[in-house]
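Structure below is protein-v6.tsv: TSV, C-alpha atoms.
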```
chain	number	residue	atom	x	y	z
A	1	MET	CA	118.50	131.16	179.84
A	2	ASN	CA	115.47	131.02	177.62
A	3	SER	CA	112.45	133.08	178.62
A	4	SER	CA	111.06	135.93	176.53
A	5	GLU	CA	111.22	139.11	178.60
A	6	THR	CA	108.68	141.91	178.39
A	7	ALA	CA	108.52	145.24	180.17
A	8	LEU	CA	105.91	143.76	182.53
A	9	SER	CA	107.88	140.59	183.27
A	10	ARG	CA	110.98	142.66	184.11
A	11	LYS	CA	108.96	145.04	186.28
A	12	VAL	CA	107.32	142.18	188.18
A	13	ALA	CA	110.71	140.47	188.58
A	14	SER	CA	112.17	143.71	189.93
A	15	GLU	CA	109.32	144.10	192.42
A	16	LEU	CA	109.62	140.49	193.62
A	17	LEU	CA	113.32	141.00	194.23
A	18	ARG	CA	112.81	144.40	195.89
A	19	VAL	CA	110.35	143.10	198.49
A	20	GLY	CA	112.26	139.85	199.03
A	21	ALA	CA	109.45	137.69	197.70
A	22	VAL	CA	112.00	135.94	195.49
A	23	PHE	CA	115.47	135.70	196.96
A	24	LEU	CA	118.34	134.11	195.01
A	25	ARG	CA	121.24	132.50	196.86
A	26	PRO	CA	122.95	130.21	194.33
A	27	ARG	CA	126.15	129.80	196.35
A	28	GLU	CA	124.40	129.09	199.66
A	29	PRO	CA	121.33	127.05	198.67
A	30	PHE	CA	118.19	126.67	200.72
A	31	THR	CA	116.77	123.23	201.50
A	32	TRP	CA	113.16	122.53	200.49
A	33	ALA	CA	110.89	120.33	202.62
A	34	SER	CA	111.46	117.59	200.03
A	35	GLY	CA	115.19	117.73	200.79
A	36	ILE	CA	116.07	119.27	197.42
A	37	LYS	CA	118.74	121.95	197.54
A	38	SER	CA	117.48	125.14	195.91
A	39	PRO	CA	119.15	128.46	195.02
A	40	VAL	CA	115.85	130.29	195.35
A	41	TYR	CA	113.47	131.19	198.15
A	42	CYS	CA	110.03	132.29	197.03
A	43	ASP	CA	107.18	133.72	199.12
A	44	ASN	CA	104.87	135.85	196.99
A	45	ARG	CA	102.64	136.51	200.01
A	46	LEU	CA	105.11	139.28	200.85
A	47	THR	CA	103.87	141.25	197.85
A	48	LEU	CA	100.54	141.75	199.60
A	49	SER	CA	102.27	143.85	202.27
A	50	ASP	CA	103.78	146.27	199.73
A	51	PRO	CA	101.26	148.57	197.99
A	52	GLU	CA	103.51	149.31	195.00
A	53	ALA	CA	104.35	145.67	194.31
A	54	ARG	CA	100.75	144.67	194.93
A	55	ASP	CA	99.49	147.24	192.42
A	56	VAL	CA	101.91	146.10	189.70
A	57	ILE	CA	101.01	142.45	190.22
A	58	GLU	CA	97.23	142.76	190.48
A	59	ARG	CA	97.05	145.02	187.43
A	60	GLY	CA	99.31	142.55	185.65
A	61	ILE	CA	96.99	139.66	186.48
A	62	ALA	CA	93.98	141.63	185.25
A	63	GLN	CA	95.83	142.52	182.04
A	64	ALA	CA	96.81	138.88	181.46
A	65	VAL	CA	93.20	137.75	181.87
A	66	ARG	CA	92.00	140.37	179.39
A	67	GLU	CA	94.68	139.52	176.82
A	68	HIS	CA	94.85	135.74	177.05
A	69	PHE	CA	91.39	134.75	178.31
A	70	PRO	CA	88.93	137.40	177.08
A	71	GLY	CA	85.99	135.01	177.55
A	72	CYS	CA	86.64	134.64	181.28
A	73	GLU	CA	83.56	134.95	183.49
A	74	ILE	CA	85.02	134.18	186.94
A	75	LEU	CA	88.43	134.08	188.64
A	76	MET	CA	89.17	131.17	190.98
A	77	GLY	CA	92.11	131.46	193.36
A	78	THR	CA	94.09	128.52	194.68
A	79	SER	CA	94.07	128.04	198.43
A	80	THR	CA	95.53	129.86	200.12
A	81	ALA	CA	98.14	132.01	198.39
A	82	GLY	CA	96.14	132.61	195.20
A	83	ILE	CA	92.98	133.80	196.98
A	84	PRO	CA	93.89	137.46	197.67
A	85	HIS	CA	95.34	137.93	194.19
A	86	ALA	CA	92.21	136.50	192.59
A	87	ALA	CA	90.04	138.75	194.77
A	88	ILE	CA	91.90	141.97	193.95
A	89	ALA	CA	92.22	141.20	190.22
A	90	ALA	CA	88.53	140.27	190.06
A	91	HIS	CA	87.69	143.60	191.67
A	92	LEU	CA	89.72	145.43	189.01
A	93	LEU	CA	87.96	143.42	186.30
A	94	ARG	CA	84.52	143.86	187.91
A	95	MET	CA	84.20	140.09	187.81
A	96	PRO	CA	83.06	137.43	190.31
A	97	MET	CA	85.62	135.26	192.10
A	98	GLY	CA	85.86	132.24	194.30
A	99	TYR	CA	88.54	129.81	195.37
A	100	VAL	CA	89.43	126.15	195.39
A	101	ARG	CA	90.45	124.41	198.60
A	102	GLY	CA	93.26	121.87	198.68
A	103	GLY	CA	90.61	119.31	199.63
A	104	THR	CA	86.98	119.13	200.72
A	105	LYS	CA	85.98	120.51	204.13
A	106	ASP	CA	85.29	117.88	206.78
A	107	HIS	CA	82.28	119.81	208.10
A	108	GLY	CA	79.29	121.85	206.96
A	109	ARG	CA	78.57	121.42	203.24
A	110	GLN	CA	81.99	119.81	202.71
A	111	ASN	CA	82.77	122.20	199.87
A	112	GLN	CA	86.03	122.17	197.96
A	113	ILE	CA	84.99	125.10	195.78
A	114	GLU	CA	83.94	128.27	197.58
A	115	GLY	CA	81.89	130.97	195.88
A	116	ARG	CA	79.04	130.74	193.41
A	117	LEU	CA	80.11	128.72	190.35
A	118	ALA	CA	77.56	127.92	187.66
A	119	PRO	CA	77.86	124.84	185.40
A	120	GLY	CA	79.54	125.81	182.13
A	121	GLN	CA	80.94	129.04	183.56
A	122	LYS	CA	84.26	130.04	182.00
A	123	ALA	CA	86.90	130.21	184.74
A	124	VAL	CA	90.54	131.24	185.01
A	125	VAL	CA	92.62	129.90	187.89
A	126	VAL	CA	94.85	132.41	189.71
A	127	GLU	CA	97.99	130.93	191.29
A	128	ASP	CA	100.82	132.72	193.07
A	129	LEU	CA	103.62	130.50	191.80
A	130	ILE	CA	104.09	127.33	189.79
A	131	SER	CA	106.90	124.85	190.40
A	132	THR	CA	105.73	121.29	189.73
A	133	ALA	CA	102.19	122.59	189.03
A	134	GLY	CA	100.55	120.06	191.35
A	135	SER	CA	98.22	122.44	193.21
A	136	ALA	CA	97.28	124.34	190.05
A	137	VAL	CA	96.34	121.17	188.17
A	138	GLU	CA	94.37	119.88	191.16
A	139	ALA	CA	92.39	123.14	191.20
A	140	VAL	CA	91.74	122.85	187.45
A	141	GLU	CA	90.48	119.27	187.83
A	142	ALA	CA	88.21	120.21	190.77
A	143	LEU	CA	86.66	123.02	188.74
A	144	ARG	CA	86.15	120.77	185.74
A	145	GLN	CA	84.46	118.16	187.92
A	146	ALA	CA	82.16	120.91	189.17
A	147	GLY	CA	81.15	121.65	185.58
A	148	ALA	CA	83.25	124.75	184.91
A	149	GLU	CA	85.05	125.38	181.65
A	150	VAL	CA	88.62	126.21	182.67
A	151	LEU	CA	90.18	128.56	180.13
A	152	GLY	CA	93.61	128.50	181.74
A	153	ILE	CA	95.82	129.70	184.57
A	154	VAL	CA	97.38	133.07	185.36
A	155	SER	CA	100.25	132.95	187.85
A	156	ILE	CA	102.64	135.53	189.23
A	157	PHE	CA	105.82	133.45	188.92
A	158	THR	CA	106.85	130.16	187.38
A	159	TYR	CA	110.06	128.20	187.71
A	160	GLY	CA	109.62	126.72	184.23
A	161	MET	CA	110.55	123.28	185.58
A	162	ARG	CA	110.16	120.35	183.22
A	163	LYS	CA	107.89	118.45	185.62
A	164	GLY	CA	105.54	121.42	185.90
A	165	LEU	CA	105.41	121.92	182.14
A	166	GLU	CA	104.67	118.23	181.61
A	167	ARG	CA	101.84	118.25	184.19
A	168	LEU	CA	100.22	121.30	182.61
A	169	LYS	CA	100.44	119.73	179.16
A	170	ALA	CA	98.97	116.44	180.40
A	171	ALA	CA	96.08	118.36	181.99
A	172	GLY	CA	95.47	120.25	178.77
A	173	VAL	CA	95.75	123.65	180.44
A	174	THR	CA	97.76	126.76	179.55
A	175	ASN	CA	99.55	128.89	182.13
A	176	HIS	CA	100.49	132.53	181.61
A	177	SER	CA	102.92	133.84	184.25
A	178	LEU	CA	103.68	137.50	184.83
A	179	THR	CA	107.34	136.62	185.21
A	180	ASP	CA	109.54	133.56	185.44
A	181	PHE	CA	112.69	132.12	186.97
A	182	ASP	CA	114.92	133.12	184.05
A	183	THR	CA	113.72	136.73	184.01
A	184	VAL	CA	114.13	137.06	187.78
A	185	ALA	CA	117.67	135.63	187.56
A	186	ARG	CA	118.66	138.03	184.80
A	187	GLU	CA	117.11	140.97	186.66
A	188	ALA	CA	119.00	139.96	189.81
A	189	ALA	CA	122.24	139.96	187.81
A	190	ARG	CA	121.40	143.37	186.28
A	191	LEU	CA	120.77	144.77	189.76
A	192	GLY	CA	124.02	143.29	191.08
A	193	ALA	CA	122.27	140.93	193.50
A	194	ILE	CA	124.13	137.96	191.97
A	195	PRO	CA	127.14	137.79	189.64
A	196	GLU	CA	126.52	137.13	185.93
A	197	THR	CA	128.56	133.94	186.29
A	198	ASP	CA	125.80	132.43	188.45
A	199	LEU	CA	123.21	132.49	185.64
A	200	GLU	CA	124.40	129.18	184.19
A	201	ARG	CA	124.33	127.65	187.68
A	202	LEU	CA	120.70	128.72	188.09
A	203	LYS	CA	119.76	127.38	184.66
A	204	ARG	CA	121.16	123.98	185.59
A	205	PHE	CA	119.03	123.91	188.73
A	206	ARG	CA	115.90	124.85	186.78
A	207	ASP	CA	116.51	122.15	184.19
A	208	ASN	CA	116.99	119.40	186.79
A	209	PRO	CA	116.50	120.26	190.49
A	210	GLN	CA	117.38	116.69	191.52
A	211	ASP	CA	120.88	117.00	190.06
A	212	GLU	CA	122.89	118.90	192.65
A	213	SER	CA	126.04	119.21	190.56
A	214	TRP	CA	125.15	122.89	189.98
A	215	ILE	CA	126.00	123.60	193.65
A	216	GLY	CA	129.69	123.07	193.11
A	217	ALA	CA	129.81	124.63	189.66
A	218	ASP	CA	132.62	127.16	189.08
A	219	ARG	CA	134.06	126.70	192.55
```
Written as structure tokens, how would this file's structure read?
Amino acid sequence: MNSSETALSRKVASELLRVGAVFLRPREPFTWASGIKSPVYCDNRLTLSDPEARDVIERGIAQAVREHFPGCEILMGTSTAGIPHAAIAAHLLRMPMGYVRGGTKDHGRQNQIEGRLAPGQKAVVVEDLISTAGSAVEAVEALRQAGAEVLGIVSIFTYGMRKGLERLKAAGVTNHSLTDFDTVAREAARLGAIPETDLERLKRFRDNPQDESWIGADR
């Protein structure tokens, strides 16, 4: 598997596994709403309920913004899962924040972007996880249409799926994730949550989720 691990990416992976935010079950796959069989269940909202995990993640987001997007002037969370992470990281950075709805409201001012955003303001999108990158790219495009300069995206976790990488490239936006699918899988193997032999099975899923041949691998 082909991610570059860092101390932070391993720590975040460990915390996600500890709180059950990312749960790997390669031999008994989950079924996504799309019908795709998946060896992973991911709900990063659970990190908000654990102070230790929350601290690691929010400080990690703030660090990533400082390192990769030093010109950032405002954090914009994706609705709804990215909002609390953007708010806490913005507090640590002493920076304004707002968020982007999945669509415009059907009442009031019919806003899609909430918070005060000035034309030309340099924004970073905060996303909890990236799979096919659809919601993240939609948020980027909404901010651009509102006149913001989007510097990039910071996310907690990415699957590293080909479709997501292609969408980000087409949108001309860079994503920096605190950890990724490969690092979480290796950390799960190190912790004994899955056998080492399942790493290749997981890699095959990541490379092509539509190909379910990985389910029967090594059986």
>> Between A:Asp207, A:Glu58, A:Glu52, A:Glu166, which residue has the minimum interatomic distance to Phe181 (chain A), considering only C-alpha atoms?
In response: A:Asp207
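Of the residues under consideration (A:Ser155, A:Thr31, A:Gln145, A:Ser38), A:Ser155 shows the shortest atom-to-atom contact distance to Ala86 (chain A) when counting all atoms listed in the file.
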Mind giving me the axis-aligned box for region 208-213 of chain A with 8 Å on every side, centre plus edges in Å to one decimal, as lines of an AutoDock Vina configuration file?
```
center_x = 121.3
center_y = 118.5
center_z = 189.7
size_x = 25.5
size_y = 19.6
size_z = 21.9
```
> From the set A:Phe157, A:Val65, A:Ser131, A:Glu114, which residue has the shortest atom-to-atom contact distance to Ala13 (chain A), counting all atoms listed in the file?
Replying inline: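 Of A:Phe157, A:Val65, A:Ser131, A:Glu114, the one nearest Ala13 (chain A), counting all atoms listed in the file, is A:Phe157.
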>> Given only C-alpha atoms as the basis, pick out the residue of A:Thr158, A:Leu191, A:Val137, A:Thr179 nearest to Gly102 (chain A).
In response: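 Counting only C-alpha atoms, the residue closest to Gly102 (chain A) is A:Val137.
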>> Need to verify the contact set: Leu17 (chain A), 12 Å, only C-alpha atoms, exclusion of same-chain residues closer than 5 positions in sequence. Can you return it as a ChimeraX atom specification?
In response: /A:10-12,22-25,40-44,46-47,53,157,179,181,183-194
> Nearest to Gly115 (chain A): which of A:Val150, A:Ile74, A:Ala133, A:Ile215 is it, counting all atoms listed in the file?
Replying inline: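 Smallest distance to Gly115 (chain A) is found for A:Ile74.
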>> Taking all atoms listed in the file into account, name the residue in A:Arg206, A:Arg101, A:Arg18, A:Arg59 that is nearest to Lys37 (chain A).
In response: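 Of the candidates, the smallest distance to Lys37 (chain A) is held by A:Arg206.
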> What does the distance between CA of Gln121 (chain A) and CA of Ala90 (chain A) come to in Å, to one decimal place?
Replying inline: 15.0 Å
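For the pair CA of Tyr99 (chain A) and CA of His85 (chain A), the interatomic distance is 10.7 Å.
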> Do you have the CA of Arg94 (chain A)-CA of Asp55 (chain A) distance handy?
Replying inline: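 Between CA of Arg94 (chain A) and CA of Asp55 (chain A) the gap is 16.0 Å.
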